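Here is the structure we will look at, set down as structure tokens.
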Amino acid sequence: MSDTAAFTVPPAGRSLWQDARIRLLRNRAAVASLVVLALMALGCVVGPLLTGHPYDRVYQDYVRVPASLSSYPKAEALPGAVQRIAARIRATPSEIAARSDRVRLVLTAQRPIDQRLLVYFDRSDQFGTPVIAGSEQEGRRLVLEVPVKRRHFLFGTDSNGRDLLTRTLIAGRVSLAIGLLATGVALVIGVAYGATAGYLGGRIDMVMMRIVDVLYSLPFIFFVILLVVFFGRNFVLMFLAVGAIEWLDMARIVRGQALSIKRHDYVLAAEALGVSTGGILRRHVIPNTLGPVIVYVTLLVPKVILLESFLSFLGLGVQEPMTSWGVLISDGARAIQATPWMLIFPAAFLVTTLFSLNFLGDGLRDALDPRDR
Amino acid sequence: MSAPILTLEGVSKRFTKPLDAASKFANLLGANYSEQTVHAVDSVDLSVRQGEVVGLVGESGCGKSTLGRVVAGVHQASSGRVSWRGRYTDEMSAPERKAATLAIQMIFQDPMSSLNPRLRVTDIVGEAPVVHGLVAKAQQDAYVAEVLDRVGLDSTYRRRYPHQFSGGQRARIGIARALAVKPQFLVCDESVAALDVSIQAQVLNLFMKLRDELNLTYLFISHDLSVVRHLSDRVVIMYLGRVVEAAPARELFKGPQHPYAQALLANVPTISARKKRFAALKGEIPSPLHPPPGCHFHPRCPMAGPRCRAERPALKEIAAGHVAACHLHDGGVGALAA
Ligand SMILES: Nc1ncnc2c1ncn2[C@@H]1O[C@H](COP(=O)(O)OP(=O)(O)O)[C@@H](O)[C@H]1O
Ligand code: SF4
Ligand SMILES: [Mg+2]
């Protein structure tokens, strides 16, 4: 035993959590993950307000445009757009001179042009209200100045022409909220239930774990449909309910841990000292199950996020125009060849989040174990 | 001599291993598996007087720890009764039972596994006194410092975790935890077995110092005869769940009466040759799942006769305060008693 080495640590008055925080902050991967997760959460909360696009705004003229750092409409797309609008006005465009913020053109027609039809420019997503610079030949020839509306679609748009950046961020709100909510519920129920069953043991343990087995054998979808019948399409209740199903694995893991922990002499000592069952569970059993529990939580969050996309696919989860990462990814996967950006961006967000959760979970497990130095 | 403070009357502890699903299924098909029962402790009578140090010795697996745990209230006896200060534990009122629980404390063998790795020393030692209201939560830290001083541990270390201490220091933390609830009786289960020899001596001296200062009574469990000899007033020898001989230490080490005790003591290790413990005994200790009938010791006993295989020998007083369970001292081993 190397006493001298052990005692270089000062006898500071820190709590387990303060200690854990200090150890966590020393773990670079965990700190980086924490920063990434914080940015992700911040981005998802305030981001949609800053992108300049409502998440459900449909741009009919920008369906499936690829991601681009420069603004839309592109210069080469302008003449075509003008052509289409002119056709609706039943006039022929000529002398199209496109500059970055306005287009100058001449419309000619057989009969006088109905100026009310110029509203088609307005209605398009590319142009503003046209200004008539000159009207010749009794209105059969109009000189127009049409302002161009500049828009950015950094992540491109989806197959309905909605801004993918805004939708990815909005989806992140939903997915992160679901992940945390359902996992939190599963954590609380699973740890309390599993620790109680494992520690009490014997017949109580048997009954409690048979109940878990029965719940396991219930078809999950059947359960969810029942819940939807009861709660309606209430998003929050839905995912509290998902958490209330996902606790089963947690309960099994914690029970297994508790079974081995209760054989330790420190639990016997606490019993001999007359500590109540609740006190033994809280101070001796549950804290010592933390390692595997935290690792399992980092696996459960992604599991719930993916589960949500499955439910949404069946029409039981979030509904259009609301969305989640799972929904975006399954939409993107269906159109992977034509519009790869619809898959790449939401998937990148999800993967980044999952990686960060994993590193953070590892870091937390190590930080919460006072033996690891 | 004062009256006994702790008495065991015919205490047994059985562990039953329930059949697993496969055996149950096999039974349905006509197999004949039955539940396995370990008689870890088999009708033991024992009494301990105030201030006494009773050494409990025997080979590994003979039920010493189980007996200690029954005494400390960690296990319930399967049959038989335990009385503390003249009151049967099963007849006690709740407050009496709590007082008895706190009065009898246990000190464990493995100083690492007996300390919760996630708690600081101050919480390990201070938990029970706070739970039972012996000290207020606000006074916990000061109280723990006081107890740590008593067991010879620097009280500035109390904010540390168990893994930051050496083996001997951990043993002291375990002792401090027990002392924190002001016990009168300590069950020490191989409490120094895991320590280096030099540290063992320090911890044993601490036990003796505490006994004088706090007027403690000990049940000192060990398989190490030299430790028991050094420490005990009285020695109890167990074999396969039963007490085979009990006598004042000096007398027992001078003249053991039971053949098992004789074999055990024939090779009392010296400090220089501690490892050779039970070299004089031939054969394996039988499984407590299937103990031999009659005297449990007969398969290994050089003196065994026909009576030994059939009849269980009772504990007989052969001298004042000296009992042994052997037919040699109770009418011979030759034939079945009429
Ligand atoms: N909790 C338990 N469950 C089942 N069997 C046990 C349990 N504790 C002890 N035993 C059995 O009881 C017997 C006595 O064990 P123990 O009291 O630990 O012996 P010792 O301390 O003398 O080495 C052993 O055969 C052991 O396997
Ligand atoms: S009763 Fe018989 S077998 Fe048992 S110890 Fe005595 S002589 Fe040996
Ligand atoms: Mg033992």
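By convention here, the chains of the structure tokens are called A, B, ... in the order presented, each chain's residues are numbered starting at 1, and ligands are numbered starting at 1 in the order presented.
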Residues of chain B within 8 Å of chain A, counting only C-alpha atoms, as number ranges by chain
B: 72-74, 98, 101-102, 104-108, 110, 113-119, 128, 131, 156-161, 163-167, 178, 181
Take the residues just selected and output them with N, CA, C and O atoms as a compact mmCIF listing (two decimals), in the first residue's frame.
# COMPACT_ATOMS: atom_id res chain seq x y z
N ALA B 72 -24.84 -10.81 15.86
CA ALA B 72 -24.94 -9.37 15.57
C ALA B 72 -26.30 -8.98 15.01
O ALA B 72 -26.55 -7.81 14.75
N GLY B 73 -27.17 -9.96 14.81
CA GLY B 73 -28.51 -9.64 14.35
C GLY B 73 -28.61 -9.43 12.85
O GLY B 73 -29.64 -8.99 12.35
N VAL B 74 -27.54 -9.73 12.10
CA VAL B 74 -27.60 -9.59 10.65
C VAL B 74 -28.40 -10.75 10.05
O VAL B 74 -29.16 -10.59 9.11
N LYS B 98 -34.04 -2.20 19.29
CA LYS B 98 -33.13 -1.23 18.69
C LYS B 98 -31.89 -1.06 19.58
O LYS B 98 -30.75 -1.03 19.10
N THR B 101 -29.75 -4.04 19.10
CA THR B 101 -29.09 -3.99 17.79
C THR B 101 -27.85 -3.10 17.85
O THR B 101 -26.78 -3.47 17.36
N LEU B 102 -28.01 -1.94 18.48
CA LEU B 102 -26.88 -1.02 18.54
C LEU B 102 -25.82 -1.52 19.51
O LEU B 102 -24.63 -1.27 19.30
N ILE B 104 -24.81 -4.52 20.05
CA ILE B 104 -23.96 -5.57 19.50
C ILE B 104 -23.54 -5.16 18.09
O ILE B 104 -24.38 -5.03 17.21
N GLN B 105 -22.29 -4.91 17.89
CA GLN B 105 -21.81 -4.49 16.58
C GLN B 105 -20.79 -5.46 16.03
O GLN B 105 -20.22 -6.26 16.76
N MET B 106 -20.60 -5.37 14.73
CA MET B 106 -19.76 -6.34 14.05
C MET B 106 -18.61 -5.62 13.36
O MET B 106 -18.78 -4.53 12.82
N ILE B 107 -17.44 -6.25 13.37
CA ILE B 107 -16.29 -5.70 12.65
C ILE B 107 -15.84 -6.77 11.67
O ILE B 107 -15.65 -7.92 12.04
N PHE B 108 -15.72 -6.37 10.41
CA PHE B 108 -15.61 -7.36 9.35
C PHE B 108 -14.18 -7.65 8.97
O PHE B 108 -13.25 -6.97 9.39
N ASP B 110 -12.78 -8.04 5.62
CA ASP B 110 -12.15 -7.35 4.50
C ASP B 110 -12.35 -5.85 4.67
O ASP B 110 -13.45 -5.34 4.50
N SER B 113 -14.05 -4.20 1.38
CA SER B 113 -15.45 -4.45 1.02
C SER B 113 -16.40 -4.07 2.15
O SER B 113 -17.61 -3.98 1.94
N SER B 114 -15.87 -3.83 3.34
CA SER B 114 -16.78 -3.47 4.42
C SER B 114 -16.97 -1.96 4.52
O SER B 114 -17.69 -1.49 5.38
N LEU B 115 -16.32 -1.19 3.62
CA LEU B 115 -16.52 0.26 3.62
C LEU B 115 -17.11 0.68 2.28
O LEU B 115 -16.57 0.32 1.23
N ASN B 116 -18.19 1.41 2.32
CA ASN B 116 -18.85 1.87 1.11
C ASN B 116 -17.92 2.81 0.34
O ASN B 116 -17.58 3.88 0.83
N PRO B 117 -17.50 2.42 -0.88
CA PRO B 117 -16.49 3.22 -1.59
C PRO B 117 -16.98 4.62 -1.98
O PRO B 117 -16.18 5.48 -2.31
N ARG B 118 -18.30 4.83 -1.95
CA ARG B 118 -18.82 6.13 -2.39
C ARG B 118 -19.08 7.09 -1.23
O ARG B 118 -19.61 8.17 -1.44
N LEU B 119 -18.78 6.67 -0.04
CA LEU B 119 -19.00 7.59 1.08
C LEU B 119 -17.66 8.02 1.66
O LEU B 119 -16.68 7.27 1.64
N ALA B 128 -24.82 6.07 11.16
CA ALA B 128 -25.71 5.46 12.14
C ALA B 128 -26.00 6.36 13.34
O ALA B 128 -27.16 6.48 13.74
N VAL B 131 -28.60 8.75 12.16
CA VAL B 131 -29.88 8.07 11.91
C VAL B 131 -30.60 7.79 13.22
O VAL B 131 -31.81 7.97 13.34
N THR B 156 -8.13 14.62 10.68
CA THR B 156 -8.18 15.50 9.51
C THR B 156 -8.43 14.70 8.23
O THR B 156 -8.70 15.27 7.19
N TYR B 157 -8.32 13.38 8.32
CA TYR B 157 -8.55 12.55 7.13
C TYR B 157 -10.02 12.26 6.89
O TYR B 157 -10.36 11.49 6.02
N ARG B 158 -10.90 12.84 7.69
CA ARG B 158 -12.26 12.33 7.66
C ARG B 158 -13.05 12.71 6.42
O ARG B 158 -14.12 12.17 6.20
N ARG B 159 -12.52 13.62 5.59
CA ARG B 159 -13.24 13.94 4.35
C ARG B 159 -12.78 13.09 3.19
O ARG B 159 -13.11 13.34 2.06
N ARG B 160 -11.97 12.09 3.48
CA ARG B 160 -11.46 11.25 2.39
C ARG B 160 -12.32 10.02 2.19
O ARG B 160 -13.12 9.65 3.04
N TYR B 161 -12.05 9.38 1.05
CA TYR B 161 -12.75 8.14 0.72
C TYR B 161 -11.93 6.94 1.17
O TYR B 161 -10.71 7.03 1.29
N HIS B 163 -10.73 4.39 -0.27
CA HIS B 163 -9.62 3.91 -1.10
C HIS B 163 -8.36 4.73 -0.89
O HIS B 163 -7.29 4.36 -1.37
N GLN B 164 -8.49 5.85 -0.18
CA GLN B 164 -7.30 6.68 0.04
C GLN B 164 -6.54 6.27 1.29
O GLN B 164 -5.63 6.98 1.71
N PHE B 165 -6.96 5.16 1.91
CA PHE B 165 -6.30 4.74 3.14
C PHE B 165 -5.59 3.41 2.95
O PHE B 165 -5.89 2.65 2.02
N SER B 166 -4.67 3.11 3.87
CA SER B 166 -4.00 1.81 3.85
C SER B 166 -4.89 0.79 4.56
O SER B 166 -5.87 1.15 5.20
N GLY B 167 -4.52 -0.48 4.44
CA GLY B 167 -5.31 -1.54 5.04
C GLY B 167 -5.54 -1.36 6.53
O GLY B 167 -6.66 -1.49 7.02
N ALA B 178 -18.22 1.01 14.11
CA ALA B 178 -18.93 0.25 15.13
C ALA B 178 -18.98 1.03 16.44
O ALA B 178 -20.02 1.09 17.10
N VAL B 181 -21.74 4.00 17.55
CA VAL B 181 -23.06 3.84 18.16
C VAL B 181 -22.96 3.35 19.60
O VAL B 181 -23.92 2.85 20.17
Using only C-alpha atoms and all ligand atoms, which residues have at least one atom no more than 8 Å from ligand 2? Output them as a ChimeraX atom specification.
/B:258-260,294-305,307-309,312-313,325-329,332-333
Can you tell me which residues sit at most 7 Å away from ligand 3, counting only C-alpha atoms and all ligand atoms, written as a list in words?
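The distance check yields Ser60, Gly61, Lys64, Ser65, Asp189 and Glu190 of chain B.
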Restricted to N, CA and C atoms, what would the selected residues look like written as an mmCIF file, in the first residue's frame?
data_model
loop_
_atom_site.group_PDB
_atom_site.id
_atom_site.type_symbol
_atom_site.label_atom_id
_atom_site.label_comp_id
_atom_site.auth_asym_id
_atom_site.auth_seq_id
_atom_site.Cartn_x
_atom_site.Cartn_y
_atom_site.Cartn_z
ATOM 1 N N SER B 60 -12.057 -23.001 8.009
ATOM 2 C CA SER B 60 -12.891 -22.193 7.131
ATOM 3 C C SER B 60 -14.125 -22.983 6.707
ATOM 4 N N GLY B 61 -15.271 -22.336 6.734
ATOM 5 C CA GLY B 61 -16.510 -22.996 6.328
ATOM 6 C C GLY B 61 -17.231 -23.716 7.446
ATOM 7 N N LYS B 64 -18.379 -20.125 11.492
ATOM 8 C CA LYS B 64 -18.024 -19.078 12.451
ATOM 9 C C LYS B 64 -18.666 -17.749 12.088
ATOM 10 N N SER B 65 -18.522 -17.383 10.815
ATOM 11 C CA SER B 65 -19.086 -16.092 10.407
ATOM 12 C C SER B 65 -20.589 -16.089 10.567
ATOM 13 N N ASP B 189 -15.122 -10.474 13.174
ATOM 14 C CA ASP B 189 -15.048 -11.636 12.291
ATOM 15 C C ASP B 189 -13.763 -11.573 11.491
ATOM 16 N N GLU B 190 -12.766 -12.317 11.905
ATOM 17 C CA GLU B 190 -11.466 -12.347 11.218
ATOM 18 C C GLU B 190 -10.975 -10.923 10.985
#
Distance atom CA of Gly172 of chain A-atom CA of Val293 of chain A, one decimal place?
24.6 Å
Find the spatial neighbours of segment 105-122 of chain A, counting only C-alpha atoms, within a cut-off of 9 Å - ignore same-chain residues fewer than 5 positions away - and output them as an mmCIF file with N, CA and C atoms, in the first residue's frame.
data_model
loop_
_atom_site.group_PDB
_atom_site.id
_atom_site.type_symbol
_atom_site.label_atom_id
_atom_site.label_comp_id
_atom_site.auth_asym_id
_atom_site.auth_seq_id
_atom_site.Cartn_x
_atom_site.Cartn_y
_atom_site.Cartn_z
ATOM 1 N N VAL A 82 -38.473 34.306 -64.542
ATOM 2 C CA VAL A 82 -39.203 35.390 -65.190
ATOM 3 C C VAL A 82 -40.072 34.842 -66.315
ATOM 4 N N ILE A 85 -43.295 33.301 -64.970
ATOM 5 C CA ILE A 85 -44.304 34.250 -64.501
ATOM 6 C C ILE A 85 -44.925 34.982 -65.687
ATOM 7 N N ALA A 86 -44.062 35.336 -66.645
ATOM 8 C CA ALA A 86 -44.570 36.045 -67.818
ATOM 9 C C ALA A 86 -45.604 35.189 -68.540
ATOM 10 N N ARG A 88 -47.657 33.177 -67.281
ATOM 11 C CA ARG A 88 -48.941 33.228 -66.577
ATOM 12 C C ARG A 88 -49.651 34.546 -66.838
ATOM 13 N N ILE A 89 -48.844 35.593 -67.064
ATOM 14 C CA ILE A 89 -49.439 36.891 -67.356
ATOM 15 C C ILE A 89 -49.845 36.961 -68.827
ATOM 16 N N ARG A 90 -49.489 35.919 -69.569
ATOM 17 C CA ARG A 90 -49.715 35.834 -71.028
ATOM 18 C C ARG A 90 -49.004 36.970 -71.745
ATOM 19 N N ALA A 91 -47.712 37.082 -71.441
ATOM 20 C CA ALA A 91 -46.908 38.097 -72.114
ATOM 21 C C ALA A 91 -45.547 37.492 -72.392
ATOM 22 N N THR A 92 -44.782 38.109 -73.269
ATOM 23 C CA THR A 92 -43.464 37.596 -73.600
ATOM 24 C C THR A 92 -42.416 38.525 -73.004
ATOM 25 N N PRO A 93 -41.484 37.993 -72.238
ATOM 26 C CA PRO A 93 -40.443 38.850 -71.676
ATOM 27 C C PRO A 93 -39.321 39.034 -72.678
ATOM 28 N N SER A 94 -38.697 40.180 -72.605
ATOM 29 C CA SER A 94 -37.499 40.394 -73.418
ATOM 30 C C SER A 94 -36.619 41.378 -72.680
ATOM 31 N N GLU A 95 -35.414 41.547 -73.189
ATOM 32 C CA GLU A 95 -34.440 42.468 -72.611
ATOM 33 C C GLU A 95 -34.301 42.272 -71.097
ATOM 34 N N ILE A 96 -34.193 41.000 -70.687
ATOM 35 C CA ILE A 96 -34.081 40.730 -69.247
ATOM 36 C C ILE A 96 -32.687 41.107 -68.790
ATOM 37 N N ALA A 97 -32.605 42.063 -67.885
ATOM 38 C CA ALA A 97 -31.319 42.467 -67.341
ATOM 39 C C ALA A 97 -31.349 42.212 -65.841
ATOM 40 N N ALA A 98 -30.636 41.161 -65.428
ATOM 41 C CA ALA A 98 -30.679 40.799 -64.014
ATOM 42 C C ALA A 98 -29.483 41.378 -63.296
ATOM 43 N N PHE A 127 -39.478 37.154 -56.131
ATOM 44 C CA PHE A 127 -39.562 38.579 -56.477
ATOM 45 C C PHE A 127 -40.447 39.359 -55.526
ATOM 46 N N GLY A 128 -40.207 40.682 -55.506
ATOM 47 C CA GLY A 128 -41.055 41.585 -54.748
ATOM 48 C C GLY A 128 -42.080 42.238 -55.682
ATOM 49 N N THR A 129 -42.664 43.339 -55.208
ATOM 50 C CA THR A 129 -43.672 44.028 -56.017
ATOM 51 C C THR A 129 -43.000 44.753 -57.179
ATOM 52 N N PRO A 130 -43.438 44.478 -58.416
ATOM 53 C CA PRO A 130 -42.795 45.125 -59.557
ATOM 54 C C PRO A 130 -43.181 46.606 -59.655
ATOM 55 N N GLN A 137 -47.306 51.545 -76.203
ATOM 56 C CA GLN A 137 -48.225 50.882 -77.117
ATOM 57 C C GLN A 137 -49.539 50.539 -76.439
ATOM 58 N N GLU A 138 -50.127 51.520 -75.749
ATOM 59 C CA GLU A 138 -51.411 51.376 -75.066
ATOM 60 C C GLU A 138 -51.414 50.187 -74.102
ATOM 61 N N GLY A 139 -50.301 50.030 -73.440
ATOM 62 C CA GLY A 139 -50.261 48.998 -72.402
ATOM 63 C C GLY A 139 -49.894 47.627 -72.934
ATOM 64 N N ARG A 140 -49.536 47.515 -74.197
ATOM 65 C CA ARG A 140 -49.149 46.206 -74.705
ATOM 66 C C ARG A 140 -47.655 45.940 -74.474
ATOM 67 N N ARG A 141 -46.955 46.980 -74.043
ATOM 68 C CA ARG A 141 -45.527 46.803 -73.753
ATOM 69 C C ARG A 141 -45.238 47.503 -72.426
ATOM 70 N N LEU A 142 -44.794 46.719 -71.455
ATOM 71 C CA LEU A 142 -44.529 47.271 -70.121
ATOM 72 C C LEU A 142 -43.050 47.127 -69.797
ATOM 73 N N VAL A 143 -42.476 48.194 -69.268
ATOM 74 C CA VAL A 143 -41.096 48.103 -68.775
ATOM 75 C C VAL A 143 -41.175 47.960 -67.253
ATOM 76 N N LEU A 144 -40.604 46.892 -66.740
ATOM 77 C CA LEU A 144 -40.759 46.606 -65.302
ATOM 78 C C LEU A 144 -39.420 46.614 -64.582
ATOM 79 N N GLU A 145 -39.463 47.094 -63.382
ATOM 80 C CA GLU A 145 -38.332 46.940 -62.454
ATOM 81 C C GLU A 145 -38.824 46.017 -61.347
ATOM 82 N N VAL A 146 -38.292 44.804 -61.269
ATOM 83 C CA VAL A 146 -38.777 43.863 -60.245
ATOM 84 C C VAL A 146 -37.675 43.623 -59.215
#
Residues of chain B that have any atom at most 8 Å from an atom of ligand 1: could you tabulate them with the shortest-distance atom pair and the distance in Å to one decimal, using only C-alpha atoms and all ligand atoms, ordered by chain and increasing number, as a tab-separated table?
residue	atom	partner	partner_atom_place_in_ligand_line	distance
B:Arg14	CA	ligand 1	12 (O)	7.8
B:Phe15	CA	ligand 1	4 (C)	4.9
B:Thr16	CA	ligand 1	4 (C)	6.9
B:Lys17	CA	ligand 1	4 (C)	7.0
B:Val38	CA	ligand 1	12 (O)	6.1
B:His39	CA	ligand 1	12 (O)	6.8
B:Ala40	CA	ligand 1	12 (O)	4.1
B:Val41	CA	ligand 1	14 (C)	7.2
B:Gly58	CA	ligand 1	22 (O)	6.4
B:Glu59	CA	ligand 1	22 (O)	6.2
B:Ser60	CA	ligand 1	23 (O)	3.6
B:Gly61	CA	ligand 1	19 (O)	3.4
B:Cys62	CA	ligand 1	22 (O)	4.1
B:Gly63	CA	ligand 1	17 (O)	3.2
B:Lys64	CA	ligand 1	22 (O)	3.7
B:Ser65	CA	ligand 1	21 (O)	3.6
B:Thr66	CA	ligand 1	17 (O)	3.7
B:Leu67	CA	ligand 1	17 (O)	6.4
B:Gly68	CA	ligand 1	17 (O)	7.9
B:Asp189	CA	ligand 1	21 (O)	7.7
B:Leu240	CA	ligand 1	14 (C)	7.9
B:Gly241	CA	ligand 1	14 (C)	7.2
B:Ser287	CA	ligand 1	25 (O)	7.1
B:Pro288	CA	ligand 1	25 (O)	5.5
B:Leu289	CA	ligand 1	25 (O)	7.4
Nearby residues (only C-alpha atoms) at most 7 Å from segment 194-197 of chain A, same-chain spacing under 3 positions excluded, as a list in words
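After dropping sequence-adjacent residues, the list is Gly190, Val191, Leu200, Gly201, Ile204, Asp205, Met208, Ala251, Arg252, Val254, Arg255, Ala258, Leu281, Val285 and Ile286 of chain A.
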Restricting it to N, CA and C atoms, dump the selection as a CSV table (one decimal), in the first residue's frame.
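See out.csv below for the written result:
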chain,number,residue,atom,x,y,z
A,190,GLY,N,-36.9,3.0,-13.0
A,190,GLY,CA,-36.1,1.8,-13.1
A,190,GLY,C,-35.1,1.6,-11.9
A,191,VAL,N,-34.5,2.7,-11.5
A,191,VAL,CA,-33.5,2.6,-10.4
A,191,VAL,C,-34.2,2.3,-9.1
A,200,LEU,N,-34.2,-6.2,-1.5
A,200,LEU,CA,-35.1,-7.0,-0.6
A,200,LEU,C,-35.0,-8.5,-0.9
A,201,GLY,N,-34.8,-8.8,-2.2
A,201,GLY,CA,-34.6,-10.2,-2.6
A,201,GLY,C,-35.8,-11.1,-2.2
A,204,ILE,N,-40.3,-11.1,-2.6
A,204,ILE,CA,-40.6,-9.8,-3.1
A,204,ILE,C,-39.9,-9.6,-4.4
A,205,ASP,N,-38.6,-9.9,-4.5
A,205,ASP,CA,-37.9,-9.8,-5.7
A,205,ASP,C,-38.5,-10.6,-6.8
A,208,MET,N,-41.7,-8.9,-8.0
A,208,MET,CA,-41.5,-7.7,-8.7
A,208,MET,C,-40.9,-7.9,-10.1
A,251,ALA,N,-34.5,-1.4,-14.8
A,251,ALA,CA,-34.8,-2.1,-13.5
A,251,ALA,C,-34.0,-3.4,-13.5
A,252,ARG,N,-33.9,-4.1,-14.6
A,252,ARG,CA,-33.1,-5.4,-14.6
A,252,ARG,C,-31.7,-5.1,-14.3
A,254,VAL,N,-30.3,-2.6,-12.7
A,254,VAL,CA,-30.0,-2.1,-11.4
A,254,VAL,C,-30.3,-3.3,-10.4
A,255,ARG,N,-31.2,-4.1,-10.7
A,255,ARG,CA,-31.5,-5.2,-9.7
A,255,ARG,C,-30.3,-6.2,-9.7
A,258,ALA,N,-27.8,-4.6,-7.6
A,258,ALA,CA,-28.2,-4.5,-6.2
A,258,ALA,C,-27.9,-5.9,-5.6
A,281,LEU,N,-30.8,1.6,0.9
A,281,LEU,CA,-31.0,1.8,-0.5
A,281,LEU,C,-30.4,3.1,-1.0
A,285,VAL,N,-26.9,1.2,-1.6
A,285,VAL,CA,-27.1,0.4,-2.8
A,285,VAL,C,-27.1,1.3,-4.0
A,286,ILE,N,-28.0,2.3,-4.1
A,286,ILE,CA,-28.2,3.0,-5.3
A,286,ILE,C,-26.9,3.8,-5.8
